[in-house]
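The file coords.txt comes next; it holds compact mmCIF, C-alpha atoms.
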# COMPACT_ATOMS: atom_id res chain seq x y z
CA MET A 1 -8.11 -6.21 -18.34
CA ASP A 2 -8.37 -2.46 -17.88
CA GLU A 3 -5.35 -0.33 -17.04
CA LEU A 4 -5.41 0.52 -13.34
CA ILE A 5 -2.14 2.48 -13.18
CA GLN A 6 -0.53 4.67 -15.82
CA PHE A 7 2.75 6.60 -15.70
CA GLN A 8 2.89 9.17 -18.50
CA HIS A 9 6.32 10.82 -19.06
CA VAL A 10 6.96 10.84 -15.30
CA SER A 11 10.08 12.53 -13.98
CA PHE A 12 10.78 13.32 -10.34
CA GLU A 13 13.48 15.12 -8.42
CA TYR A 14 13.91 15.87 -4.73
CA ALA A 15 14.31 19.55 -3.90
CA SER A 16 17.70 18.90 -2.29
CA ASP A 17 19.90 16.14 -0.93
CA GLU A 18 21.12 15.79 2.67
CA GLU A 19 23.85 18.34 2.03
CA GLY A 20 21.41 20.87 0.58
CA LYS A 21 22.58 20.48 -3.02
CA LEU A 22 19.90 21.19 -5.65
CA PRO A 23 18.14 19.33 -7.19
CA VAL A 24 18.32 15.52 -6.97
CA PRO A 25 16.85 13.76 -10.05
CA VAL A 26 15.39 10.33 -9.24
CA LEU A 27 13.03 9.32 -12.08
CA HIS A 28 13.47 10.14 -15.77
CA GLU A 29 10.63 10.01 -18.32
CA VAL A 30 9.04 6.81 -16.97
CA GLU A 31 6.25 5.38 -19.14
CA LEU A 32 4.39 2.28 -17.98
CA ALA A 33 0.94 0.75 -17.56
CA ILE A 34 -0.28 -1.84 -15.05
CA GLN A 35 -3.45 -3.82 -15.66
CA GLN A 36 -6.17 -4.39 -13.06
CA GLY A 37 -5.64 -7.80 -11.40
CA ALA A 38 -2.00 -8.15 -12.48
CA PHE A 39 0.91 -9.32 -10.33
CA VAL A 40 3.78 -6.98 -11.18
CA ALA A 41 7.35 -7.03 -9.91
CA VAL A 42 9.72 -4.03 -10.05
CA LEU A 43 13.43 -4.83 -9.95
CA GLY A 44 16.44 -2.61 -9.48
CA HIS A 45 19.49 -2.16 -7.29
CA ASN A 46 19.59 0.38 -4.45
CA GLY A 47 19.25 3.88 -5.85
CA SER A 48 17.66 2.74 -9.12
CA GLY A 49 14.44 4.66 -8.42
CA LYS A 50 12.17 1.68 -7.75
CA SER A 51 11.04 2.84 -4.29
CA SER A 52 10.38 6.36 -5.57
CA LEU A 53 8.33 4.81 -8.37
CA ALA A 54 6.28 2.87 -5.79
CA LYS A 55 5.57 5.98 -3.73
CA HIS A 56 4.08 7.72 -6.78
CA ILE A 57 1.32 5.11 -7.06
CA ASN A 58 -0.48 6.22 -3.89
CA ALA A 59 0.64 9.86 -4.03
CA LEU A 60 3.27 9.74 -1.28
CA LEU A 61 5.30 11.48 -3.99
CA ALA A 62 3.98 13.58 -6.88
CA PRO A 63 5.72 13.85 -10.28
CA THR A 64 7.90 16.86 -10.97
CA GLU A 65 6.91 16.38 -14.60
CA GLY A 66 4.33 14.11 -16.21
CA THR A 67 1.27 12.42 -14.72
CA VAL A 68 0.42 9.30 -12.74
CA PHE A 69 -3.14 7.98 -12.95
CA LEU A 70 -4.65 5.48 -10.52
CA ASP A 71 -7.98 4.20 -11.82
CA GLY A 72 -8.29 7.40 -13.85
CA MET A 73 -7.47 9.67 -10.88
CA ASP A 74 -4.58 12.12 -11.25
CA THR A 75 -2.37 11.59 -8.19
CA LYS A 76 -1.44 15.29 -8.17
CA ASP A 77 -5.06 16.27 -7.52
CA GLN A 78 -5.15 17.01 -3.78
CA LYS A 79 -8.95 16.64 -3.71
CA LEU A 80 -8.57 12.99 -4.75
CA LEU A 81 -5.85 12.11 -2.23
CA TRP A 82 -8.19 10.24 0.15
CA ASP A 83 -9.68 8.13 -2.68
CA ILE A 84 -6.25 7.41 -4.14
CA ARG A 85 -4.80 6.18 -0.84
CA GLN A 86 -7.89 4.13 -0.10
CA ASN A 87 -7.44 2.36 -3.44
CA ALA A 88 -3.67 1.86 -3.30
CA GLY A 89 -2.38 0.46 -0.02
CA MET A 90 1.33 0.55 0.84
CA VAL A 91 3.33 -2.06 2.76
CA PHE A 92 6.93 -1.22 3.68
CA GLN A 93 10.09 -3.14 4.62
CA ASN A 94 9.69 -3.11 8.37
CA PRO A 95 6.30 -4.36 9.61
CA ASP A 96 7.03 -2.90 13.06
CA ASN A 97 6.64 0.56 11.51
CA GLN A 98 3.08 -0.25 10.40
CA ILE A 99 1.77 -2.10 13.44
CA VAL A 100 0.04 0.30 15.83
CA ALA A 101 -2.11 -1.81 18.20
CA THR A 102 -1.42 -4.24 21.03
CA MET A 103 -3.62 -6.99 19.57
CA VAL A 104 -3.58 -8.37 16.02
CA GLU A 105 -7.30 -7.92 15.27
CA GLU A 106 -7.23 -4.33 16.59
CA ASP A 107 -4.30 -3.54 14.33
CA VAL A 108 -6.17 -4.86 11.28
CA ALA A 109 -9.25 -2.81 12.30
CA PHE A 110 -7.22 0.43 12.52
CA GLY A 111 -7.37 1.32 8.80
CA PRO A 112 -11.12 0.82 8.27
CA GLU A 113 -11.81 2.72 11.51
CA ASN A 114 -9.96 5.70 10.07
CA LEU A 115 -12.07 5.39 6.92
CA LYS A 116 -15.17 5.75 9.16
CA VAL A 117 -16.43 2.30 8.17
CA PRO A 118 -19.40 1.23 10.37
CA THR A 119 -18.34 -0.99 13.30
CA ALA A 120 -20.22 -4.12 12.18
CA GLU A 121 -18.63 -3.84 8.73
CA ILE A 122 -15.16 -3.30 10.24
CA TRP A 123 -15.27 -6.65 12.04
CA LYS A 124 -16.50 -8.43 8.92
CA ARG A 125 -13.52 -6.98 7.06
CA VAL A 126 -11.12 -7.94 9.86
CA GLU A 127 -12.40 -11.53 9.72
CA LYS A 128 -11.97 -11.69 5.94
CA ALA A 129 -8.55 -10.00 5.95
CA LEU A 130 -7.10 -12.27 8.66
CA GLY A 131 -8.47 -15.31 6.82
CA ALA A 132 -6.94 -14.11 3.55
CA VAL A 133 -3.44 -14.03 5.07
CA GLY A 134 -3.85 -17.13 7.24
CA MET A 135 -3.63 -15.27 10.56
CA THR A 136 -7.11 -15.83 12.08
CA LYS A 137 -5.83 -18.01 14.91
CA TYR A 138 -3.47 -15.23 16.00
CA ARG A 139 -6.16 -12.55 16.18
CA HIS A 140 -6.00 -12.15 19.97
CA LYS A 141 -2.21 -12.27 20.21
CA SER A 142 0.15 -9.35 20.63
CA PRO A 143 1.94 -8.51 17.33
CA LEU A 144 5.15 -8.27 19.38
CA LYS A 145 5.05 -12.05 19.92
CA LEU A 146 4.86 -12.88 16.20
CA SER A 147 7.66 -13.81 13.81
CA GLY A 148 8.79 -11.34 11.15
CA GLY A 149 6.81 -13.12 8.43
CA GLN A 150 3.69 -13.20 10.60
CA LYS A 151 4.02 -9.49 11.41
CA GLN A 152 4.29 -8.69 7.72
CA ARG A 153 1.16 -10.74 7.02
CA VAL A 154 -0.66 -8.74 9.72
CA ALA A 155 0.51 -5.51 8.04
CA ILE A 156 -0.85 -6.82 4.72
CA ALA A 157 -4.14 -7.80 6.40
CA GLY A 158 -4.45 -4.23 7.69
CA ILE A 159 -4.25 -2.99 4.10
CA ILE A 160 -6.68 -5.65 2.81
CA ALA A 161 -9.27 -4.58 5.40
CA MET A 162 -9.32 -1.17 3.73
CA GLU A 163 -10.40 -2.95 0.51
CA PRO A 164 -7.95 -1.33 -1.91
CA GLN A 165 -7.81 -2.17 -5.61
CA CYS A 166 -4.07 -2.64 -5.39
CA ILE A 167 -1.35 -3.21 -2.82
CA VAL A 168 2.12 -1.74 -3.37
CA LEU A 169 4.83 -3.53 -1.38
CA ASP A 170 8.23 -1.86 -1.08
CA GLU A 171 10.82 -4.58 -0.27
CA PRO A 172 8.36 -6.32 2.11
CA THR A 173 10.64 -9.32 2.65
CA ALA A 174 13.96 -7.47 3.04
CA MET A 175 14.06 -8.01 6.83
CA LEU A 176 12.71 -11.57 6.82
CA ASP A 177 14.35 -14.99 6.89
CA PRO A 178 13.73 -17.41 3.97
CA VAL A 179 10.69 -18.97 5.69
CA GLY A 180 9.14 -15.55 6.32
CA ARG A 181 9.85 -14.47 2.72
CA LYS A 182 8.14 -17.60 1.39
CA GLU A 183 5.07 -17.01 3.63
CA VAL A 184 4.65 -13.43 2.44
CA ILE A 185 5.12 -14.16 -1.27
CA GLU A 186 2.67 -17.09 -1.16
CA THR A 187 0.16 -14.82 0.61
CA LEU A 188 0.51 -12.17 -2.11
CA HIS A 189 -0.05 -14.68 -4.92
CA ALA A 190 -3.13 -16.06 -3.16
CA LEU A 191 -4.58 -12.54 -2.75
CA ASN A 192 -3.90 -11.80 -6.38
CA LYS A 193 -5.54 -14.98 -7.68
CA GLU A 194 -8.44 -15.29 -5.23
CA LYS A 195 -9.34 -11.64 -4.60
CA ASN A 196 -8.14 -10.13 -7.91
CA ILE A 197 -6.12 -7.55 -5.97
CA THR A 198 -3.45 -5.94 -8.14
CA ILE A 199 -0.02 -6.57 -6.57
CA ILE A 200 3.00 -4.37 -7.20
CA LEU A 201 6.05 -5.93 -5.57
CA ILE A 202 9.26 -3.90 -5.30
CA THR A 203 12.10 -6.34 -4.65
CA HIS A 204 15.70 -7.32 -5.25
CA HIS A 205 15.12 -11.02 -4.51
CA MET A 206 15.07 -12.60 -7.95
CA ASN A 207 13.19 -15.74 -6.90
CA GLU A 208 10.25 -13.58 -5.81
CA VAL A 209 9.80 -12.42 -9.39
CA ILE A 210 9.35 -15.81 -11.07
CA GLY A 211 5.56 -15.99 -10.58
CA ALA A 212 4.84 -12.42 -11.72
CA ASP A 213 2.73 -11.58 -14.76
CA LYS A 214 5.04 -8.72 -15.67
CA VAL A 215 8.43 -7.40 -14.58
CA PHE A 216 9.75 -3.85 -14.82
CA VAL A 217 13.49 -3.26 -14.41
CA MET A 218 14.74 0.12 -13.21
CA ASP A 219 18.25 1.52 -13.48
CA ASP A 220 19.44 5.06 -12.74
CA GLY A 221 15.86 6.35 -12.58
CA LYS A 222 14.91 4.94 -15.97
CA LEU A 223 12.68 2.03 -16.95
CA ILE A 224 15.11 -0.04 -19.02
CA MET A 225 13.29 -3.39 -19.46
CA GLU A 226 9.80 -4.79 -19.24
CA GLY A 227 8.36 -8.19 -20.02
CA ASN A 228 7.35 -11.45 -18.40
CA PRO A 229 9.88 -13.19 -16.11
CA ARG A 230 11.15 -15.49 -18.86
CA GLU A 231 11.74 -12.57 -21.23
CA ILE A 232 13.58 -10.59 -18.54
CA PHE A 233 15.71 -13.48 -17.27
CA SER A 234 16.66 -14.47 -20.81
CA LYS A 235 18.84 -11.33 -20.76
CA VAL A 236 21.34 -12.62 -18.20
CA ASP A 237 24.27 -10.50 -19.34
CA GLU A 238 22.19 -7.31 -19.48
CA ILE A 239 20.77 -7.96 -16.00
CA LYS A 240 24.26 -8.50 -14.58
CA LYS A 241 25.57 -5.38 -16.28
CA ILE A 242 23.29 -3.22 -14.09
CA GLY A 243 24.38 -4.97 -10.89
CA LEU A 244 21.55 -7.49 -10.50
CA GLU A 245 21.62 -11.27 -10.39
CA VAL A 246 19.24 -13.82 -11.90
CA PRO A 247 17.70 -16.84 -10.11
CA GLN A 248 20.27 -19.59 -9.49
CA VAL A 249 18.54 -22.08 -11.79
CA THR A 250 18.45 -19.46 -14.56
CA GLU A 251 22.16 -18.79 -14.04
CA LEU A 252 22.98 -22.50 -14.22
CA GLY A 253 20.97 -22.89 -17.43
CA HIS A 254 22.76 -19.89 -18.91
CA LEU A 255 26.19 -21.34 -18.05
CA LEU A 256 25.27 -24.69 -19.61
CA ARG A 257 24.00 -22.94 -22.71
CA THR A 258 27.15 -20.81 -23.10
CA SER A 259 29.26 -23.96 -22.67
CA GLY A 260 27.56 -25.45 -25.73
CA LEU A 261 24.49 -27.33 -24.47
CA ASN A 262 21.50 -26.71 -26.75
CA ILE A 263 18.93 -25.54 -24.19
CA ASN A 264 16.61 -22.55 -23.98
CA GLU A 265 17.56 -19.31 -22.26
CA GLY A 266 15.48 -17.94 -19.38
CA ILE A 267 14.86 -21.19 -17.47
CA LEU A 268 12.79 -20.55 -14.33
CA SER A 269 12.59 -23.85 -12.43
CA ILE A 270 14.64 -26.95 -11.65
CA ASP A 271 12.10 -29.22 -13.37
CA GLU A 272 12.32 -27.10 -16.49
CA LEU A 273 16.12 -27.28 -16.46
CA VAL A 274 16.07 -31.07 -16.04
CA ASN A 275 13.67 -31.42 -18.99
CA GLU A 276 15.81 -29.14 -21.16
CA ILE A 277 18.93 -31.16 -20.38
CA LYS A 278 17.12 -34.42 -21.22
CA LYS A 279 15.96 -32.99 -24.55
CA ALA A 280 19.45 -31.74 -25.38
CA LYS A 281 21.04 -35.18 -25.03
Show the structure stored in the file as structure tokens.
Amino acid sequence: MDELIQFQHVSFEYASDEEGKLPVPVLHEVELAIQQGAFVAVLGHNGSGKSSLAKHINALLAPTEGTVFLDGMDTKDQKLLWDIRQNAGMVFQNPDNQIVATMVEEDVAFGPENLKVPTAEIWKRVEKALGAVGMTKYRHKSPLKLSGGQKQRVAIAGIIAMEPQCIVLDEPTAMLDPVGRKEVIETLHALNKEKNITIILITHHMNEVIGADKVFVMDDGKLIMEGNPREIFSKVDEIKKIGLEVPQVTELGHLLRTSGLNINEGILSIDELVNEIKKAK
């Protein structure tokens, strides 16, 4: 797979904080690469820099130092801004902030209309996007009458209709109940596998990370860990030291291991834990 996103020595600071103090450093020398078609999760507690990292991918923020490339395009190049944002869609915490129309299908059509896509092509895209997120039967409904999870799927469909190479989601399930969270995460995995859309999921829900290809962990503006979910969650004590938790099944496996049971670290599912316990007997 080719590298779609590259951060090269990226640092960022806000010009001032709310009290006017200068400056406010947020990211420090971040180096990372994300492959085309990957499902990537970015973890970190509040204030770790993960949301600022996300906003660099589609040029909502530009590095103070260093360079971010999206498909070879320098995100600081103002002439490329339109192409960059067309190729990297953003979905935020609150779907109500992204829904602009009074009918679901009109909301999904809004993005391609702004891209000056021909009308016939817009409606083809709307059909495909609603199908991709399982919302076709709600196309004529008002978004206001949908559940939180359904609204978020409509917001994702609106991005899909713009046909980006990647979708960056900044805490997209933070305001949802467990059912809504499950709906959205399953939708993202389906898009990744079936449409080869690169997914970058910013989250603090550990269970949302288990199916990722790669995990980046942020702390105090620095990238401090990267690896697959098993590699990351094998470091239970290090994860806890920076104020994060691990999935409950991983925690249970870790406790059993530290109490003397000979099982592997970094367990990711109940079935896996049961099999490890059986083998250890």
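Atom CA of Glu183 of chain A is found 26.6 Å from atom CA of Leu4 of chain A.
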First collect every listed atom of segment 276-280 of chain A; then fit an axis-aligned box around them, widen it by 3 Å on each side, and give centre and edge lengths in Å to one decimal, as JSON.
{"center_x": 17.6, "center_y": -31.8, "center_z": -22.9, "size_x": 9.6, "size_y": 11.3, "size_z": 11.0}
All residues 10 Å or closer to Asn97 of chain A, only C-alpha atoms, same chain fewer than 5 positions away omitted, as JSON, numbers by chain: {"A": [91, 92, 155]}
Distance criterion (all atoms listed in the file): nearest to Ile199 of chain A out of A:Val40, A:Met90, A:Ala120, A:Leu144: A:Val40
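Atom CA of His45 of chain A to atom CA of Val217 of chain A spans 9.4 Å [interatomic distance, one decimal].
Minimum atom-to-atom distance to Arg181 of chain A, evaluated using all atoms listed in the file, belongs to A:Gln93 out of A:Gln93, A:Arg139, A:Glu65, A:Pro247.
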For Ser51 of chain A, the nearest of the candidates A:Leu201, A:Val104, A:Leu188, A:Ile34, counting only C-alpha atoms: A:Leu201
Contacts of Pro63 of chain A within 8 Å, only C-alpha atoms, excl. fewer than 2 positions in-chain, as an MDAnalysis selection string: chainID A and resid 10:12 56 61 65:68 76
Residues within 9 Å of segment 168-172 of chain A, only C-alpha atoms, excluding chain neighbours under 3 positions, as a PyMOL selection string: chain A and resi 50-51+54-55+57-58+88-95+152+156+175-176+181+184+198-205
Counting all atoms listed in the file, the residue of A:Ser142, A:Ser269, A:Asn87, A:Asn264 that sits nearest Asp107 of chain A: A:Ser142
Shell of 9 Å around Gln35 of chain A, all atoms listed in the file, local chain residues under 2 positions omitted, as a list in words: Met1, Asp2, Glu3, Leu4, Ile5, Gln6, Ala33, Gly37, Ala38, Phe39 and Thr198 of chain A
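Between atom CA of Val179 of chain A and atom CA of Val236 of chain A there is a distance of 26.9 Å.
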For Leu32 of chain A, the nearest of the candidates A:Lys116, A:His254, A:Lys222, A:Arg230, counting all atoms listed in the file: A:Lys222
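Shortest separation to Leu53 of chain A among A:Phe69, A:His140, A:Ile197, A:Val26 occurs at residue A:Val26, atoms counted being all atoms listed in the file.
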Selection near Ile224 of chain A, 10 Å with all atoms listed in the file, sequence-local residues under 6 positions removed, as a PDB file with C-alpha atoms, in the frame of the given file:
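Once everything was written out, this is out-v7.pdb:
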ATOM      1  CA  VAL A  30       9.040   6.810 -16.970  1.00  0.00           C
ATOM      2  CA  GLY A  44      16.440  -2.610  -9.480  1.00  0.00           C
ATOM      3  CA  PHE A 216       9.750  -3.850 -14.820  1.00  0.00           C
ATOM      4  CA  VAL A 217      13.490  -3.260 -14.410  1.00  0.00           C
ATOM      5  CA  MET A 218      14.740   0.120 -13.210  1.00  0.00           C
TER       6      MET A 218
END
Polymer residues at most 8 Å from (-13.7, -6.9, -8.1) by only C-alpha atoms, as an MDAnalysis selection string: chainID A and resid 165 195:197
